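Encoded as structure tokens, the structure appears first; notes follow it.
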Protein chains: 2
Amino acid sequence: MASHPPAFQSLVENLARLPGVGRKSAQRLAFHLLKSEPALSAALGRDLAGLHARVRLCPRCSYLASGELCAICGDPRRDGRVLCVVEDPRDVDVIEATAEFRGRYHVLLGVLSPLEGIGPGELKVRELVERAGQGVEEVILALDPDVEGDATALYLTRLLKPLGPRVTRLAAGLPQGSELEYADQVTVARALASRRE
Amino acid sequence: MASHPPAFQSLVENLARLPGVGRKSAQRLAFHLLKSEPALSAALGRDLAGLHARVRLCPRCSYLASGELCAICGDPRRDGRVLCVVEDPRDVDVIEATAEFRGRYHVLLGVLSPLEGIGPGELKVRELVERAGQGVEEVILALDPDVEGDATALYLTRLLKPLGPRVTRLAAGLPQGSELEYADQVTVARALASRRE
């Protein structure tokens with residue numbers, strides 16, 4: 001097999017380290033970049049080289065920050081007495097898009113997953129416990145309603161309750177606009193159990 | 001919605017320009033890079049920034065080159081009288097891996113695809129015609145056996161035949177180790193039509 005130029009090999013190997021990018025996709029991406037205008041590689045190269053200098057995770061809540069704190073932690077109008085706990089920085093965007101939440105966030109950077117070797121030490125759990133003990137009145141666990149999300153919520157509830165704050169979860173039920181006929185059993189069972197008057 | 005730092009936005013937008021990477025995957029990749037050790041972003045940044053300076057497409061055959069010509073065009077032991085035409089630089093690797101071909105290559109950088117607006121002008125067809133007229137005895141069209149590959153092979157055969165060289169295609173038939181029972185109709189029909197004694 002003809003060997004590729006070392007600079008190309010190195011690019012393929014580094015691309016293959018990204019999640020969801022196998023060796024074949026890495027090669028496909030690298031060839032695409034080589035065929036495209038050099039401006040695209042140059043722009044991506046600049047963005048990546050400067051990423052960690054220009055963007056970081058907020059030391060308080062782990063959301064994206066360019067300054068000392070993220071825009072939400074740095075905003076004095078946000079209510080520090082309510083903490084919304086999410087798995088990923090992208091979940092913050094989802095909740096912010098509703099414009100219904102005026103509290104602050106805490107990004108765990110993952111959920112408990114023993115199979116993948118992710119325990120509380122791999123997540124921002126210690127930081128959450130510290131914050132929850134400082135005048136927080138409610139912790140909303142906005143974790144995905146799946147096995148890992150449920151397990152993580154249970155774990156955090158046991159950890160946080162003794163510290164004082166109310167611990168709540170997002171309501172489980174039928175999504176808006178959905179049809180009962182097509183809903184799965186667990187969703188229907190949960191909606192039934194949480195029925196309102 | 002909370003706005004992301006501009007450096008992060010820029011990275012997401014540039015990642016989303018890659019094939020097969022939508023806006024959601026671009027965000028996922030960018031968050032992953034931010035969470036990972038800075039060394040990964042730095043290495044990728046270096047690779048990308050230097051890509052077009054260190055690697056280029058061979059001006060003769062469009063395979064990967066780091067010097068003036070690619071390793072195959074620059075190798076005097078390769079037989080310039082046989083040209084193997086492929087769609088993509090990766091196809092060169094596939095054929096080289098067999099160690100059965102001692103000629104040279106010509107990478108089209110695509111196949112004809114009117115629906116995607118890819119005509120002969122978008123491919124390295126003019127360059128192929130030039131090379132084929134210079135003492136080439138056989139042109140092997142090693143294009144994929146699908147609609148676009150077949151159409152491109154037909155087009156190139158008509159173009160190249162009058163110039164003198166034999167024009168051949170890879171044999172179509174049952175792949176080694178496969179079972180007749182699971183082969184599709186077109187493959188069986190082709191294998192039947194091309195049966196050997």
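We label chains A, B, ... in the order they appear in the structure tokens, count residues from 1 in each chain, and number ligands from 1 in the order shown.
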
Report task. Please identify every residue of chain A that has at least one atom no more than 7 Å from any atom of chain B, counting only C-alpha atoms, and report them as a PyMOL selection string. Result -> chain A and resi 1-2+4-5+7-8+10-11+14+18+29+34+38+41-42+44-49+51-52+54-55+64-66+93+96-97

Could you please take those selected residues and save C-alpha atoms as a PDB file, in the first residue's frame?
ATOM      1  CA  MET A   1       0.000   0.000   0.000  1.00  0.00           C
ATOM      2  CA  ALA A   2       1.266   3.431  -0.972  1.00  0.00           C
ATOM      3  CA  HIS A   4       0.462   8.785   2.607  1.00  0.00           C
ATOM      4  CA  PRO A   5       2.474  11.935   3.313  1.00  0.00           C
ATOM      5  CA  ALA A   7       1.272  15.456   7.436  1.00  0.00           C
ATOM      6  CA  PHE A   8      -1.788  13.744   5.976  1.00  0.00           C
ATOM      7  CA  SER A  10      -1.156  12.839  11.268  1.00  0.00           C
ATOM      8  CA  LEU A  11      -4.366  14.699  10.330  1.00  0.00           C
ATOM      9  CA  ASN A  14      -6.073  13.144  15.037  1.00  0.00           C
ATOM     10  CA  LEU A  18     -12.972  12.640  17.678  1.00  0.00           C
ATOM     11  CA  LEU A  29     -12.772  14.258   5.925  1.00  0.00           C
ATOM     12  CA  LEU A  34      -7.434  18.631   0.760  1.00  0.00           C
ATOM     13  CA  PRO A  38      -7.217  25.979   1.516  1.00  0.00           C
ATOM     14  CA  SER A  41      -8.484  24.147   6.518  1.00  0.00           C
ATOM     15  CA  ALA A  42      -6.792  27.402   7.493  1.00  0.00           C
ATOM     16  CA  LEU A  44     -10.517  25.441  11.069  1.00  0.00           C
ATOM     17  CA  GLY A  45      -6.839  25.291  12.007  1.00  0.00           C
ATOM     18  CA  ARG A  46      -6.977  28.790  13.494  1.00  0.00           C
ATOM     19  CA  ASP A  47     -10.194  28.045  15.402  1.00  0.00           C
ATOM     20  CA  LEU A  48      -8.795  24.857  16.869  1.00  0.00           C
ATOM     21  CA  ALA A  49      -5.356  26.208  17.732  1.00  0.00           C
ATOM     22  CA  LEU A  51      -9.874  27.232  21.153  1.00  0.00           C
ATOM     23  CA  HIS A  52      -8.643  26.636  24.678  1.00  0.00           C
ATOM     24  CA  ARG A  54     -10.322  31.860  23.878  1.00  0.00           C
ATOM     25  CA  VAL A  55     -13.055  29.600  25.256  1.00  0.00           C
ATOM     26  CA  LEU A  64     -19.052  27.977  28.032  1.00  0.00           C
ATOM     27  CA  ALA A  65     -17.213  31.104  29.074  1.00  0.00           C
ATOM     28  CA  SER A  66     -14.896  33.542  27.368  1.00  0.00           C
ATOM     29  CA  ASP A  93     -29.061  26.229  25.423  1.00  0.00           C
ATOM     30  CA  GLU A  96     -32.434  29.023  27.810  1.00  0.00           C
ATOM     31  CA  ALA A  97     -34.363  28.842  24.523  1.00  0.00           C
TER      32      ALA A  97
END

Query - Surrounding residues of Thr187 of chain A excluding itself and chain neighbours under 5 positions, 9 Å, only C-alpha atoms, as a PyMOL selection string - result: chain A and resi 172-174+192

Those residues with C-alpha atoms, as a PDB file, in the first residue's frame please?
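Saved file again-v9.pdb follows:
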ATOM      1  CA  ALA A 172     -42.388  13.249  32.745  1.00  0.00           C
ATOM      2  CA  GLY A 173     -45.388  12.843  30.455  1.00  0.00           C
ATOM      3  CA  LEU A 174     -46.708  13.127  26.945  1.00  0.00           C
ATOM      4  CA  LEU A 192     -50.839   8.485  34.256  1.00  0.00           C
TER       5      LEU A 192
END

Query raised in the report: Could you pull the residues within 9 Å of segment 140-152 of chain B, counting only C-alpha atoms, minus those fewer than 6 positions along the same chain, as a PyMOL selection string?
Result: chain B and resi 82-87+91+111-113+120+166-170+172

Can I get the selected residues back with N, CA and C atoms, as an mmCIF file, in the first residue's frame?
data_model
loop_
_atom_site.group_PDB
_atom_site.id
_atom_site.type_symbol
_atom_site.label_atom_id
_atom_site.label_comp_id
_atom_site.auth_asym_id
_atom_site.auth_seq_id
_atom_site.Cartn_x
_atom_site.Cartn_y
_atom_site.Cartn_z
ATOM 1 N N VAL B 82 0.135 1.649 -18.655
ATOM 2 C CA VAL B 82 -1.182 1.226 -18.152
ATOM 3 C C VAL B 82 -1.659 2.240 -17.113
ATOM 4 N N LEU B 83 -2.822 2.820 -17.389
ATOM 5 C CA LEU B 83 -3.392 3.798 -16.465
ATOM 6 C C LEU B 83 -4.632 3.213 -15.803
ATOM 7 N N CYS B 84 -4.698 3.300 -14.498
ATOM 8 C CA CYS B 84 -5.882 2.843 -13.777
ATOM 9 C C CYS B 84 -6.646 4.086 -13.308
ATOM 10 N N VAL B 85 -7.887 4.233 -13.786
ATOM 11 C CA VAL B 85 -8.676 5.427 -13.480
ATOM 12 C C VAL B 85 -9.592 5.143 -12.293
ATOM 13 N N VAL B 86 -9.486 5.945 -11.238
ATOM 14 C CA VAL B 86 -10.335 5.756 -10.058
ATOM 15 C C VAL B 86 -11.044 7.061 -9.715
ATOM 16 N N GLU B 87 -12.057 6.920 -8.851
ATOM 17 C CA GLU B 87 -12.872 8.075 -8.481
ATOM 18 C C GLU B 87 -12.154 8.945 -7.457
ATOM 19 N N ASP B 91 -9.303 5.103 -3.419
ATOM 20 C CA ASP B 91 -9.381 3.917 -4.272
ATOM 21 C C ASP B 91 -7.986 3.468 -4.708
ATOM 22 N N VAL B 111 -17.212 11.353 -9.743
ATOM 23 C CA VAL B 111 -17.806 10.728 -10.929
ATOM 24 C C VAL B 111 -18.901 11.654 -11.443
ATOM 25 N N LEU B 112 -19.294 11.444 -12.701
ATOM 26 C CA LEU B 112 -20.354 12.265 -13.285
ATOM 27 C C LEU B 112 -21.628 12.097 -12.462
ATOM 28 N N SER B 113 -22.259 13.198 -12.147
ATOM 29 C CA SER B 113 -23.497 13.141 -11.367
ATOM 30 C C SER B 113 -24.303 14.390 -11.676
ATOM 31 N N PRO B 120 -18.191 16.716 -16.643
ATOM 32 C CA PRO B 120 -16.782 16.433 -16.941
ATOM 33 C C PRO B 120 -15.864 17.580 -16.517
ATOM 34 N N ARG B 166 -6.489 0.496 -25.329
ATOM 35 C CA ARG B 166 -7.555 -0.419 -24.935
ATOM 36 C C ARG B 166 -8.227 0.193 -23.716
ATOM 37 N N VAL B 167 -9.540 0.087 -23.634
ATOM 38 C CA VAL B 167 -10.249 0.588 -22.448
ATOM 39 C C VAL B 167 -10.970 -0.582 -21.795
ATOM 40 N N THR B 168 -10.603 -0.903 -20.554
ATOM 41 C CA THR B 168 -11.210 -2.049 -19.863
ATOM 42 C C THR B 168 -11.860 -1.597 -18.562
ATOM 43 N N ARG B 169 -12.704 -2.461 -18.007
ATOM 44 C CA ARG B 169 -13.287 -2.196 -16.683
ATOM 45 C C ARG B 169 -12.973 -3.365 -15.767
ATOM 46 N N LEU B 170 -13.047 -3.171 -14.478
ATOM 47 C CA LEU B 170 -12.886 -4.284 -13.551
ATOM 48 C C LEU B 170 -13.999 -5.286 -13.789
ATOM 49 N N ALA B 172 -17.049 -7.714 -13.263
ATOM 50 C CA ALA B 172 -18.197 -7.725 -12.366
ATOM 51 C C ALA B 172 -18.560 -9.177 -12.107
#

Report task. Enumerate as a ChimeraX atom specification all residues of segment 3-163 of chain B assigned to alpha helix (DSSP H) by DSSP on the backbone, naming them with the chain letters and numbers the document uses. Result -> /B:6-15,23-35,38-54,89-96,125-132,147-160

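Each of B:Tyr155, B:Ala183, B:Ala26, B:Arg196 was compared to Gly119 of chain B using only C-alpha atoms, and B:Tyr155 turns out to be the nearest.
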
Query raised in the report: In terms of the shortest atom-to-atom distance over only C-alpha atoms, which of B:Glu179, B:Pro114, B:Arg131, B:Ala171 is closest to Ala191 of chain B?
Result: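 When distances to Ala191 of chain B are compared using only C-alpha atoms, the smallest one comes from B:Ala171.
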
Query raised in the report: So how far away is atom CA of Lys161 of chain A from atom CA of Val129 of chain A, in Å?
Result: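 If I compute the distance from atom CA of Val129 of chain A to atom CA of Lys161 of chain A, I get 10.2 Å.
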
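The space between atom CA of Gly103 of chain B and atom CA of Pro76 of chain B spans 10.4 Å.
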
Query - Close residues, Gly164 of chain B itself excluded, 12 Å, only C-alpha atoms, min 6 positions apart in chain, as a PyMOL selection string - result: chain B and resi 81+129+131-139+157-158

Query raised in the report: If you run DSSP on this backbone, which residues of segment 33-184 of chain B come out as strand (DSSP E or B), and could you give them as a list in words?
Result: Arg56, Leu57, Leu64, Ala65, Asp79, Gly80, Arg81, Val82, Leu83, Cys84, Val85, Val86, Gly103, Arg104, Tyr105, His106, Val107, Ser113, Ile118, Glu138, Val139, Ile140, Leu141, Arg166, Val167, Thr168 and Arg169 of chain B

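Nearest to Leu156 of chain B of all the residues B:Gly117, B:Leu108, B:Gly22, B:Gln185 is B:Leu108, counting only C-alpha atoms.
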